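Chemist: This is entry-v6.pdb (PDB, C-alpha atoms).
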ATOM      1  CA  MET A  17     -30.530  -3.515  -7.440
ATOM      2  CA  SER A  18     -33.319  -1.125  -6.500
ATOM      3  CA  PRO A  19     -33.302   0.313  -2.945
ATOM      4  CA  GLU A  20     -36.696  -1.306  -2.219
ATOM      5  CA  ARG A  21     -35.490  -4.751  -3.287
ATOM      6  CA  PHE A  22     -32.313  -4.329  -1.253
ATOM      7  CA  ILE A  23     -34.261  -3.274   1.857
ATOM      8  CA  ASP A  24     -36.548  -6.299   1.417
ATOM      9  CA  LEU A  25     -33.554  -8.608   1.280
ATOM     10  CA  ILE A  26     -31.775  -7.130   4.285
ATOM     11  CA  ARG A  27     -34.957  -7.021   6.369
ATOM     12  CA  ASN A  28     -34.719 -10.807   6.699
ATOM     13  CA  GLU A  29     -30.993 -10.804   7.384
ATOM     14  CA  GLN A  30     -30.553  -7.828   9.696
ATOM     15  CA  ASP A  31     -31.092  -9.669  12.977
ATOM     16  CA  SER A  32     -28.619 -12.437  12.273
ATOM     17  CA  LEU A  33     -26.122  -9.952  10.841
ATOM     18  CA  ARG A  34     -26.347  -7.754  13.938
ATOM     19  CA  ARG A  35     -26.079 -10.794  16.237
ATOM     20  CA  PHE A  36     -23.016 -12.033  14.343
ATOM     21  CA  LEU A  37     -21.302  -8.664  14.725
ATOM     22  CA  LEU A  38     -22.438  -8.310  18.329
ATOM     23  CA  ALA A  39     -20.710 -11.577  19.186
ATOM     24  CA  LEU A  40     -17.581 -10.548  17.264
ATOM     25  CA  CYS A  41     -17.517  -7.153  19.017
ATOM     26  CA  GLY A  42     -17.652  -8.748  22.464
ATOM     27  CA  GLY A  43     -21.148  -7.522  23.292
ATOM     28  CA  ASP A  44     -20.598  -3.863  22.305
ATOM     29  CA  ASP A  45     -23.949  -3.321  20.578
ATOM     30  CA  ASN A  46     -23.258   0.265  19.480
ATOM     31  CA  LEU A  47     -20.066  -0.754  17.737
ATOM     32  CA  ALA A  48     -21.737  -3.848  16.261
ATOM     33  CA  ASP A  49     -24.586  -1.749  14.845
ATOM     34  CA  ASP A  50     -22.148   0.816  13.414
ATOM     35  CA  ILE A  51     -20.224  -1.933  11.630
ATOM     36  CA  ALA A  52     -23.500  -3.553  10.493
ATOM     37  CA  GLN A  53     -24.667  -0.266   8.946
ATOM     38  CA  ASP A  54     -21.299   0.266   7.311
ATOM     39  CA  ALA A  55     -21.472  -3.271   5.908
ATOM     40  CA  LEU A  56     -25.020  -2.789   4.608
ATOM     41  CA  ILE A  57     -24.070   0.455   2.847
ATOM     42  CA  ARG A  58     -21.018  -1.211   1.317
ATOM     43  CA  ALA A  59     -23.253  -4.073   0.198
ATOM     44  CA  TYR A  60     -25.750  -1.621  -1.310
ATOM     45  CA  VAL A  61     -23.005   0.195  -3.238
ATOM     46  CA  ALA A  62     -21.658  -3.136  -4.488
ATOM     47  CA  SER A  63     -25.086  -4.719  -5.051
ATOM     48  CA  GLY A  64     -24.637  -4.342  -8.814
ATOM     49  CA  SER A  65     -21.754  -6.804  -8.633
ATOM     50  CA  PHE A  66     -23.792  -9.450  -6.779
ATOM     51  CA  LEU A  67     -24.251 -12.113  -9.432
ATOM     52  CA  GLY A  68     -26.232 -14.584  -7.351
ATOM     53  CA  LEU A  69     -23.454 -17.191  -7.465
ATOM     54  CA  SER A  70     -23.721 -17.547  -3.686
ATOM     55  CA  LYS A  71     -26.593 -16.948  -1.290
ATOM     56  CA  PHE A  72     -27.354 -13.291  -0.572
ATOM     57  CA  SER A  73     -26.857 -13.907   3.152
ATOM     58  CA  THR A  74     -23.420 -15.474   2.578
ATOM     59  CA  TRP A  75     -22.390 -12.509   0.444
ATOM     60  CA  LEU A  76     -23.676 -10.069   3.077
ATOM     61  CA  PHE A  77     -21.931 -11.878   5.945
ATOM     62  CA  ARG A  78     -18.673 -11.863   3.986
ATOM     63  CA  ILE A  79     -18.902  -8.089   3.561
ATOM     64  CA  ALA A  80     -19.777  -7.688   7.244
ATOM     65  CA  TYR A  81     -16.822  -9.835   8.300
ATOM     66  CA  ASN A  82     -14.477  -7.793   6.072
ATOM     67  CA  CYS A  83     -15.859  -4.586   7.615
ATOM     68  CA  TYR A  84     -15.243  -5.986  11.067
ATOM     69  CA  ILE A  85     -11.661  -6.948  10.141
ATOM     70  CA  ASP A  86     -11.081  -3.458   8.662
ATOM     71  CA  HIS A  87     -12.344  -1.974  11.897
ATOM     72  CA  GLN A  88     -10.055  -4.208  13.954
ATOM     73  CA  ARG A  89      -7.053  -3.126  11.904
ATOM     74  CA  LYS A  90      -7.714   0.565  12.425
ATOM     75  CA  PRO A  91      -5.649   2.086  15.236
ATOM     76  CA  LYS A  92      -7.936   2.790  18.145
ATOM     77  CA  PRO A  93      -7.748   6.191  19.834
ATOM     78  CA  ASP A  94      -7.433   6.289  23.597
ATOM     79  CA  LEU A  95     -10.814   7.536  24.665
ATOM     80  CA  ILE A  96     -11.140   9.375  27.924
ATOM     81  CA  SER A  97     -14.779  10.044  28.666
ATOM     82  CA  ALA A  98     -15.551  13.442  30.137
ATOM     83  CA  ASP A  99     -19.091  12.381  30.927
ATOM     84  CA  SER A 100     -20.126  11.242  34.328
ATOM     85  CA  PRO A 101     -20.524   7.456  34.622
ATOM     86  CA  PRO A 102     -23.970   6.169  33.625
ATOM     87  CA  ALA A 103     -26.453   5.568  36.390
ATOM     88  CA  LEU A 104     -26.553   1.946  37.428
ATOM     89  CA  ASN A 105     -29.749   0.120  36.589
ATOM     90  CA  ILE A 106     -31.061  -2.217  39.197
ATOM     91  CA  LEU A 107     -31.335  -5.577  37.477
ATOM     92  CA  SER A 108     -33.586  -8.434  38.381
ATOM     93  CA  GLU A 109     -31.924 -11.680  39.459
ATOM     94  CA  ASP A 110     -32.571 -13.322  36.059
ATOM     95  CA  GLU A 111     -31.256 -10.316  34.178
ATOM     96  CA  ALA A 112     -28.160 -10.192  36.351
ATOM     97  CA  ASP A 113     -27.587 -13.920  35.783
ATOM     98  CA  ALA A 114     -27.967 -13.536  32.036
ATOM     99  CA  LYS A 115     -25.676 -10.498  31.997
ATOM    100  CA  PHE A 116     -23.018 -12.364  33.960
ATOM    101  CA  ARG A 117     -23.328 -15.397  31.674
ATOM    102  CA  TYR A 118     -22.955 -13.260  28.530
ATOM    103  CA  GLN A 119     -20.018 -11.355  30.012
ATOM    104  CA  LYS A 120     -18.269 -14.629  30.730
ATOM    105  CA  LEU A 121     -19.029 -15.897  27.233
ATOM    106  CA  TYR A 122     -17.859 -12.677  25.536
ATOM    107  CA  GLN A 123     -14.666 -12.668  27.601
ATOM    108  CA  ALA A 124     -13.964 -16.237  26.562
ATOM    109  CA  MET A 125     -14.732 -15.396  22.916
ATOM    110  CA  GLU A 126     -12.463 -12.332  23.027
ATOM    111  CA  SER A 127      -9.495 -14.566  23.800
ATOM    112  CA  LEU A 128      -9.976 -16.526  20.563
ATOM    113  CA  PRO A 129      -8.184 -15.646  17.318
ATOM    114  CA  GLU A 130     -10.461 -13.826  14.820
ATOM    115  CA  LYS A 131     -11.066 -16.732  12.436
ATOM    116  CA  GLU A 132     -11.818 -19.151  15.285
ATOM    117  CA  LYS A 133     -14.188 -16.679  16.869
ATOM    118  CA  ALA A 134     -15.993 -16.020  13.574
ATOM    119  CA  ALA A 135     -16.297 -19.750  12.829
ATOM    120  CA  ILE A 136     -17.747 -20.455  16.291
ATOM    121  CA  VAL A 137     -20.206 -17.550  16.050
ATOM    122  CA  LEU A 138     -21.413 -18.486  12.577
ATOM    123  CA  HIS A 139     -21.753 -22.172  13.429
ATOM    124  CA  TYR A 140     -23.331 -22.020  16.876
ATOM    125  CA  PHE A 141     -25.146 -18.690  16.922
ATOM    126  CA  GLU A 142     -26.222 -18.435  13.293
ATOM    127  CA  ASP A 143     -26.539 -22.192  12.611
ATOM    128  CA  LEU A 144     -24.714 -21.903   9.292
ATOM    129  CA  SER A 145     -23.285 -24.907   7.494
ATOM    130  CA  ILE A 146     -19.528 -25.488   7.301
ATOM    131  CA  LYS A 147     -19.700 -24.800   3.549
ATOM    132  CA  ASP A 148     -21.352 -21.404   4.088
ATOM    133  CA  ILE A 149     -18.837 -20.510   6.799
ATOM    134  CA  ALA A 150     -16.001 -21.425   4.437
ATOM    135  CA  ALA A 151     -17.518 -19.119   1.796
ATOM    136  CA  ILE A 152     -17.909 -16.258   4.280
ATOM    137  CA  LEU A 153     -14.434 -16.524   5.784
ATOM    138  CA  GLN A 154     -12.905 -17.435   2.405
ATOM    139  CA  ILE A 155     -11.022 -20.412   3.764
ATOM    140  CA  PRO A 156     -11.233 -24.134   2.869
ATOM    141  CA  VAL A 157     -13.865 -26.370   4.512
ATOM    142  CA  GLY A 158     -11.162 -28.371   6.315
ATOM    143  CA  THR A 159      -9.756 -25.208   7.854
ATOM    144  CA  VAL A 160     -13.223 -24.248   9.133
ATOM    145  CA  LYS A 161     -13.528 -27.671  10.808
ATOM    146  CA  TYR A 162     -10.096 -27.196  12.334
ATOM    147  CA  HIS A 163     -10.984 -23.710  13.633
ATOM    148  CA  LEU A 164     -14.241 -25.039  15.090
ATOM    149  CA  SER A 165     -12.512 -27.897  16.840
ATOM    150  CA  ILE A 166      -9.708 -25.743  18.261
ATOM    151  CA  GLY A 167     -12.144 -22.962  19.166
ATOM    152  CA  ARG A 168     -14.389 -25.392  21.035
ATOM    153  CA  ASN A 169     -11.404 -26.639  23.033
ATOM    154  CA  HIS A 170     -10.316 -23.110  23.865
ATOM    155  CA  LEU A 171     -13.827 -22.141  24.943
ATOM    156  CA  ARG A 172     -14.204 -25.285  27.033
ATOM    157  CA  ASP A 173     -11.011 -24.396  28.889
ATOM    158  CA  LYS A 174     -12.129 -20.808  29.446
ATOM    159  CA  LEU A 175     -15.699 -21.582  30.446
ATOM    160  CA  LEU A 176     -14.936 -24.427  32.810
TER
ATOM    161  CA  MET B   5     -17.182 -29.819  30.304
ATOM    162  CA  LYS B   6     -17.791 -32.321  27.497
ATOM    163  CA  GLU B   7     -17.971 -31.514  23.789
ATOM    164  CA  THR B   8     -21.754 -31.876  23.774
ATOM    165  CA  ASP B   9     -21.946 -29.620  26.826
ATOM    166  CA  ILE B  10     -20.020 -26.821  25.174
ATOM    167  CA  ASP B  11     -22.153 -27.233  22.019
ATOM    168  CA  ALA B  12     -25.342 -27.008  24.063
ATOM    169  CA  TYR B  13     -23.975 -24.116  26.128
ATOM    170  CA  LEU B  14     -23.152 -22.101  23.023
ATOM    171  CA  ARG B  15     -26.457 -22.849  21.317
ATOM    172  CA  ALA B  16     -28.345 -21.907  24.491
ATOM    173  CA  ASN B  17     -26.492 -18.616  24.887
ATOM    174  CA  LYS B  18     -26.957 -16.901  21.560
ATOM    175  CA  PRO B  19     -26.260 -13.180  22.005
ATOM    176  CA  GLN B  20     -29.444 -11.159  22.328
ATOM    177  CA  ILE B  21     -29.621  -8.090  20.124
ATOM    178  CA  LYS B  22     -31.533  -5.105  21.424
ATOM    179  CA  ASP B  23     -34.731  -4.274  19.592
ATOM    180  CA  ASP B  24     -33.902  -1.219  17.500
ATOM    181  CA  PRO B  25     -36.631  -0.056  15.088
ATOM    182  CA  THR B  26     -34.450   2.853  13.913
ATOM    183  CA  PHE B  27     -31.722   0.566  12.596
ATOM    184  CA  LEU B  28     -33.276  -0.015   9.171
ATOM    185  CA  LEU B  29     -34.463   3.587   8.962
ATOM    186  CA  GLU B  30     -30.893   4.777   9.482
ATOM    187  CA  VAL B  31     -29.692   2.364   6.799
ATOM    188  CA  GLU B  32     -32.363   3.686   4.415
ATOM    189  CA  GLN B  33     -31.283   7.266   5.135
ATOM    190  CA  LYS B  34     -27.666   6.412   4.413
ATOM    191  CA  MET B  35     -28.727   4.609   1.230
ATOM    192  CA  ARG B  36     -30.549   7.741   0.083
ATOM    193  CA  ALA B  37     -27.406   9.798   0.802
ATOM    194  CA  VAL B  38     -25.323   7.311  -1.204
ATOM    195  CA  ASP B  39     -27.830   7.533  -4.072
ATOM    196  CA  GLY B  40     -27.580  11.335  -3.968
ATOM    197  CA  ILE B  41     -23.794  11.179  -4.238
ATOM    198  CA  LYS B  42     -24.018   8.568  -7.018
ATOM    199  CA  ASN B  43     -26.449  10.746  -8.997
ATOM    200  CA  GLU B  44     -24.254  13.817  -8.574
ATOM    201  CA  VAL B  45     -21.160  11.899  -9.729
ATOM    202  CA  ASP B  46     -23.120  10.545 -12.735
ATOM    203  CA  ARG B  47     -24.369  14.041 -13.599
ATOM    204  CA  GLN B  48     -20.833  15.469 -13.458
ATOM    205  CA  ARG B  49     -19.492  12.598 -15.559
ATOM    206  CA  LYS B  50     -22.211  13.159 -18.162
ATOM    207  CA  ARG B  51     -21.475  16.899 -18.188
ATOM    208  CA  GLY B  52     -17.754  16.189 -18.674
ATOM    209  CA  ARG B  53     -18.509  13.796 -21.531
ATOM    210  CA  LEU B  54     -20.793  16.352 -23.191
ATOM    211  CA  THR B  55     -18.126  19.076 -22.894
ATOM    212  CA  MET B  56     -15.545  16.748 -24.459
ATOM    213  CA  THR B  57     -17.891  15.953 -27.355
ATOM    214  CA  VAL B  58     -18.685  19.643 -27.946
ATOM    215  CA  VAL B  59     -14.971  20.573 -27.901
ATOM    216  CA  PHE B  60     -14.149  17.708 -30.288
ATOM    217  CA  MET B  61     -16.927  18.663 -32.710
ATOM    218  CA  ALA B  62     -15.963  22.358 -32.546
ATOM    219  CA  GLY B  63     -12.348  21.434 -33.318
ATOM    220  CA  LEU B  64     -13.457  19.274 -36.223
ATOM    221  CA  ILE B  65     -15.707  21.986 -37.675
ATOM    222  CA  LEU B  66     -13.109  24.746 -37.232
ATOM    223  CA  GLY B  67     -10.473  22.511 -38.816
ATOM    224  CA  ALA B  68     -12.771  21.811 -41.766
ATOM    225  CA  ILE B  69     -13.513  25.530 -42.183
ATOM    226  CA  ALA B  70      -9.778  26.343 -42.055
ATOM    227  CA  LEU B  71      -9.087  23.647 -44.664
ATOM    228  CA  VAL B  72     -11.792  25.004 -46.973
ATOM    229  CA  ILE B  73     -10.426  28.556 -46.627
ATOM    230  CA  VAL B  74      -6.860  27.392 -47.338
ATOM    231  CA  LEU B  75      -7.938  25.424 -50.398
ATOM    232  CA  THR B  76     -10.188  28.212 -51.687
ATOM    233  CA  PHE B  77      -7.689  31.051 -51.279
ATOM    234  CA  PRO B  78      -4.197  29.546 -51.730
ATOM    235  CA  ILE B  79      -1.254  31.800 -50.886
ATOM    236  CA  GLU B  80       2.012  31.036 -52.588
ATOM    237  CA  LEU B  81       4.989  31.626 -50.333
ATOM    238  CA  LYS B  82       8.275  32.031 -52.128
ATOM    239  CA  LEU B  83      11.002  31.253 -49.619
ATOM    240  CA  THR B  84      13.709  32.315 -52.018
ATOM    241  CA  ASP B  85      12.296  35.850 -51.961
ATOM    242  CA  ILE B  86      13.201  36.235 -48.320
ATOM    243  CA  SER B  87      16.851  37.210 -48.211
ATOM    244  CA  ILE B  88      17.838  35.243 -45.060
ATOM    245  CA  PHE B  89      16.578  31.928 -46.508
ATOM    246  CA  SER B  90      18.332  32.491 -49.827
ATOM    247  CA  GLN B  91      21.570  33.278 -47.954
ATOM    248  CA  ILE B  92      21.337  30.071 -45.925
ATOM    249  CA  LYS B  93      20.582  28.092 -49.086
ATOM    250  CA  ASP B  94      23.570  29.616 -50.847
ATOM    251  CA  TYR B  95      25.835  28.855 -47.857
ATOM    252  CA  PHE B  96      24.778  25.189 -47.764
ATOM    253  CA  GLU B  97      25.272  24.845 -51.519
ATOM    254  CA  ALA B  98      28.744  26.332 -51.317
ATOM    255  CA  HIS B  99      29.922  24.238 -48.326
ATOM    256  CA  ALA B 100      28.038  20.996 -48.978
ATOM    257  CA  GLU B 101      31.190  18.794 -48.913
ATOM    258  CA  VAL B 102      32.550  20.321 -45.676
ATOM    259  CA  LEU B 103      29.221  20.145 -43.900
ATOM    260  CA  LEU B 104      28.740  16.497 -44.814
ATOM    261  CA  VAL B 105      31.253  15.341 -42.151
ATOM    262  CA  PRO B 106      29.655  17.016 -39.060
ATOM    263  CA  VAL B 107      26.167  16.062 -40.270
ATOM    264  CA  THR B 108      27.239  12.403 -40.616
ATOM    265  CA  LEU B 109      28.920  12.527 -37.210
ATOM    266  CA  CYS B 110      25.781  13.997 -35.615
ATOM    267  CA  ALA B 111      23.575  11.337 -37.231
ATOM    268  CA  GLY B 112      25.907   8.571 -36.035
ATOM    269  CA  PHE B 113      26.030   9.981 -32.502
ATOM    270  CA  LEU B 114      22.241  10.332 -32.375
ATOM    271  CA  SER B 115      21.647   6.771 -33.597
ATOM    272  CA  ILE B 116      24.068   5.390 -30.961
ATOM    273  CA  ALA B 117      22.486   7.531 -28.212
ATOM    274  CA  LEU B 118      18.938   6.543 -29.111
ATOM    275  CA  GLY B 119      19.867   2.862 -29.466
ATOM    276  CA  THR B 120      21.446   2.817 -26.006
ATOM    277  CA  ARG B 121      18.394   4.528 -24.495
ATOM    278  CA  LYS B 122      16.045   1.918 -25.999
ATOM    279  CA  GLU B 123      18.118  -0.905 -24.501
ATOM    280  CA  SER B 124      18.037   0.654 -21.058
ATOM    281  CA  LEU B 125      14.222   0.806 -21.231
TER
END
As a first step, turn the structure in this file into structure tokens.

Modeler:
Amino acid sequence: MSPERFIDLIRNEQDSLRRFLLALCGGDDNLADDIAQDALIRAYVASGSFLGLSKFSTWLFRIAYNCYIDHQRKPKPDLISADSPPALNILSEDEADAKFRYQKLYQAMESLPEKEKAAIVLHYFEDLSIKDIAAILQIPVGTVKYHLSIGRNHLRDKLL
Amino acid sequence: MKETDIDAYLRANKPQIKDDPTFLLEVEQKMRAVDGIKNEVDRQRKRGRLTMTVVFMAGLILGAIALVIVLTFPIELKLTDISIFSQIKDYFEAHAEVLLVPVTLCAGFLSIALGTRKESL
């Protein structure tokens, strides 16, 4: 696949891919973007093996999910920041509300097992069909439905 | 919270990504770097293949030249003229019956040893 064609294809998918990873990374947008770039480069390297048997977006999301899982499995170093803490921005009431709401949502999502979290994110945030989610997570359709149902219950308990 | 409530809550709270115009540019830069590495690897592979072909052809040509020289100028080696070989030959001829036993024993031992090794593989 030529670089131009690849860029054209990912231009349409980049927002949803970044949002998917942002939700998986608990709102850490720097980490989400790093994983998204890693996933896109992996996809570019492997683009010769994309046979078009599934949708390009499904294939891309599967790579991104695998990148995220690889990242989760890596041992994380204990980071001690030597920098001074960032200056606090004064937020408007709406912004503060939204920030609080997202924090609560991300905290609730963080407590879910990986597959449940990914199924919820893909279904509710990316509006993907159960079949597409099954292809991305490489699990049967019934298992996706199960993860969605259990995940919804867990989230309901956490967000009450 | 009901099921429909949680559905609506999740759909209404899609994470907002920050607008980052450099994101795709960074991806393009990395893609160019990957292409550079790919091209370099391809170039080295081609160079390796070319070297192999040249070495193979050189070997073939040198072999052919050697064969032509050997066939054109044959040298007859008479082993019996060299005293050590004629002595060994004489010794074997004189003790052929005695030497038959250790040679047979060695052959038997070797066949057993090799057979056992094959089984263990």

Chemist: Expand the ChimeraX specification (/B :<9) & /A into the explicit residue set it covers here, and present it as an MDAnalysis selection string.

Modeler: chainID A and resid 19 23 26:27 30:31 34:36 38:39 43 45 49 53:54 56:57 60:61 114 117:118 121 136:137 140:143 168:169 171:173 175:176

Chemist: Could those selected residues go to a file with C-alpha atoms, as a PDB file, in the coordinates of the input?

Modeler:
ATOM      1  CA  PRO A  19     -33.302   0.313  -2.945  1.00  0.00           C
ATOM      2  CA  ILE A  23     -34.261  -3.274   1.857  1.00  0.00           C
ATOM      3  CA  ILE A  26     -31.775  -7.130   4.285  1.00  0.00           C
ATOM      4  CA  ARG A  27     -34.957  -7.021   6.369  1.00  0.00           C
ATOM      5  CA  GLN A  30     -30.553  -7.828   9.696  1.00  0.00           C
ATOM      6  CA  ASP A  31     -31.092  -9.669  12.977  1.00  0.00           C
ATOM      7  CA  ARG A  34     -26.347  -7.754  13.938  1.00  0.00           C
ATOM      8  CA  ARG A  35     -26.079 -10.794  16.237  1.00  0.00           C
ATOM      9  CA  PHE A  36     -23.016 -12.033  14.343  1.00  0.00           C
ATOM     10  CA  LEU A  38     -22.438  -8.310  18.329  1.00  0.00           C
ATOM     11  CA  ALA A  39     -20.710 -11.577  19.186  1.00  0.00           C
ATOM     12  CA  GLY A  43     -21.148  -7.522  23.292  1.00  0.00           C
ATOM     13  CA  ASP A  45     -23.949  -3.321  20.578  1.00  0.00           C
ATOM     14  CA  ASP A  49     -24.586  -1.749  14.845  1.00  0.00           C
ATOM     15  CA  GLN A  53     -24.667  -0.266   8.946  1.00  0.00           C
ATOM     16  CA  ASP A  54     -21.299   0.266   7.311  1.00  0.00           C
ATOM     17  CA  LEU A  56     -25.020  -2.789   4.608  1.00  0.00           C
ATOM     18  CA  ILE A  57     -24.070   0.455   2.847  1.00  0.00           C
ATOM     19  CA  TYR A  60     -25.750  -1.621  -1.310  1.00  0.00           C
ATOM     20  CA  VAL A  61     -23.005   0.195  -3.238  1.00  0.00           C
ATOM     21  CA  ALA A 114     -27.967 -13.536  32.036  1.00  0.00           C
ATOM     22  CA  ARG A 117     -23.328 -15.397  31.674  1.00  0.00           C
ATOM     23  CA  TYR A 118     -22.955 -13.260  28.530  1.00  0.00           C
ATOM     24  CA  LEU A 121     -19.029 -15.897  27.233  1.00  0.00           C
ATOM     25  CA  ILE A 136     -17.747 -20.455  16.291  1.00  0.00           C
ATOM     26  CA  VAL A 137     -20.206 -17.550  16.050  1.00  0.00           C
ATOM     27  CA  TYR A 140     -23.331 -22.020  16.876  1.00  0.00           C
ATOM     28  CA  PHE A 141     -25.146 -18.690  16.922  1.00  0.00           C
ATOM     29  CA  GLU A 142     -26.222 -18.435  13.293  1.00  0.00           C
ATOM     30  CA  ASP A 143     -26.539 -22.192  12.611  1.00  0.00           C
ATOM     31  CA  ARG A 168     -14.389 -25.392  21.035  1.00  0.00           C
ATOM     32  CA  ASN A 169     -11.404 -26.639  23.033  1.00  0.00           C
ATOM     33  CA  LEU A 171     -13.827 -22.141  24.943  1.00  0.00           C
ATOM     34  CA  ARG A 172     -14.204 -25.285  27.033  1.00  0.00           C
ATOM     35  CA  ASP A 173     -11.011 -24.396  28.889  1.00  0.00           C
ATOM     36  CA  LEU A 175     -15.699 -21.582  30.446  1.00  0.00           C
ATOM     37  CA  LEU A 176     -14.936 -24.427  32.810  1.00  0.00           C
TER      38      LEU A 176
END

Chemist: What is the atom CA of A:Ser73 to atom CA of A:Glu29 distance in Å?

Modeler: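 Computed distance, atom CA of A:Ser73 to atom CA of A:Glu29, equals 6.7 Å.
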
Chemist: Mind pulling up the distance from atom CA of A:Phe22 to atom CA of A:Leu67?

Modeler: 13.9 Å

Chemist: Just how far from atom CA of A:Gly167 is atom CA of A:Gln123, in Å to one decimal?

Modeler: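 Atom CA of A:Gln123 sits 13.5 Å away from atom CA of A:Gly167.
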
Chemist: How big is the axis-aligned box around all listed atoms of stretch 46-64 of chain A once 4 Å goes on each side, and where's its centre, in Å to one decimal, as JSON?

Modeler:
{"center_x": -22.9, "center_y": -2.0, "center_z": 5.3, "size_x": 13.7, "size_y": 13.5, "size_z": 36.3}

Chemist: I'd like the residues picked by the PyMOL selection byres ((chain A and resi 88) around 12) written out as a list of chain:residue names, using the chain letters and numbers from the file.

Modeler: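 That selection, the PyMOL selection byres ((chain A and resi 88) around 12), comes back as A:Leu40, A:Cys41, A:Leu47, A:Ala48, A:Ile51, A:Tyr81, A:Asn82, A:Cys83, A:Tyr84, A:Ile85, A:Asp86, A:His87, A:Arg89, A:Lys90, A:Pro91, A:Lys92, A:Glu130.
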
Chemist: Using only C-alpha atoms, please write the residues we just selected to a file, as an mmCIF file, in the coordinates of the input.

Modeler:
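And here's result25.cif as it stands now:
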data_model
loop_
_atom_site.group_PDB
_atom_site.id
_atom_site.type_symbol
_atom_site.label_atom_id
_atom_site.label_comp_id
_atom_site.auth_asym_id
_atom_site.auth_seq_id
_atom_site.Cartn_x
_atom_site.Cartn_y
_atom_site.Cartn_z
ATOM 1 C CA LEU A 40 -17.581 -10.548 17.264
ATOM 2 C CA CYS A 41 -17.517 -7.153 19.017
ATOM 3 C CA LEU A 47 -20.066 -0.754 17.737
ATOM 4 C CA ALA A 48 -21.737 -3.848 16.261
ATOM 5 C CA ILE A 51 -20.224 -1.933 11.630
ATOM 6 C CA TYR A 81 -16.822 -9.835 8.300
ATOM 7 C CA ASN A 82 -14.477 -7.793 6.072
ATOM 8 C CA CYS A 83 -15.859 -4.586 7.615
ATOM 9 C CA TYR A 84 -15.243 -5.986 11.067
ATOM 10 C CA ILE A 85 -11.661 -6.948 10.141
ATOM 11 C CA ASP A 86 -11.081 -3.458 8.662
ATOM 12 C CA HIS A 87 -12.344 -1.974 11.897
ATOM 13 C CA ARG A 89 -7.053 -3.126 11.904
ATOM 14 C CA LYS A 90 -7.714 0.565 12.425
ATOM 15 C CA PRO A 91 -5.649 2.086 15.236
ATOM 16 C CA LYS A 92 -7.936 2.790 18.145
ATOM 17 C CA GLU A 130 -10.461 -13.826 14.820
#

Chemist: Identify, on the basis of all atoms listed in the file, every residue whose closest approach to A:Asp148 does not exceed 12 Å; exclude the query and any residue fewer than 6 positions from it along the same chain; express the result as a PDB file with C-alpha atoms, in the coordinates of the input.

Modeler:
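The resulting file, result37.pdb, is reproduced below:
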ATOM      1  CA  SER A  70     -23.721 -17.547  -3.686  1.00  0.00           C
ATOM      2  CA  LYS A  71     -26.593 -16.948  -1.290  1.00  0.00           C
ATOM      3  CA  PHE A  72     -27.354 -13.291  -0.572  1.00  0.00           C
ATOM      4  CA  SER A  73     -26.857 -13.907   3.152  1.00  0.00           C
ATOM      5  CA  THR A  74     -23.420 -15.474   2.578  1.00  0.00           C
ATOM      6  CA  TRP A  75     -22.390 -12.509   0.444  1.00  0.00           C
ATOM      7  CA  LEU A  76     -23.676 -10.069   3.077  1.00  0.00           C
ATOM      8  CA  PHE A  77     -21.931 -11.878   5.945  1.00  0.00           C
ATOM      9  CA  ARG A  78     -18.673 -11.863   3.986  1.00  0.00           C
ATOM     10  CA  ALA A 135     -16.297 -19.750  12.829  1.00  0.00           C
ATOM     11  CA  LEU A 138     -21.413 -18.486  12.577  1.00  0.00           C
ATOM     12  CA  HIS A 139     -21.753 -22.172  13.429  1.00  0.00           C
ATOM     13  CA  GLU A 142     -26.222 -18.435  13.293  1.00  0.00           C
ATOM     14  CA  GLN A 154     -12.905 -17.435   2.405  1.00  0.00           C
ATOM     15  CA  ILE A 155     -11.022 -20.412   3.764  1.00  0.00           C
ATOM     16  CA  PRO A 156     -11.233 -24.134   2.869  1.00  0.00           C
ATOM     17  CA  VAL A 157     -13.865 -26.370   4.512  1.00  0.00           C
ATOM     18  CA  VAL A 160     -13.223 -24.248   9.133  1.00  0.00           C
TER      19      VAL A 160
END

Chemist: Select, from A:Ala80, A:Ser145, A:Ala59, A:His163, the residue with the minimum atom-to-atom distance to A:Met17, counting only C-alpha atoms.

Modeler: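 Smallest separation from A:Met17 among the options: A:Ala59.
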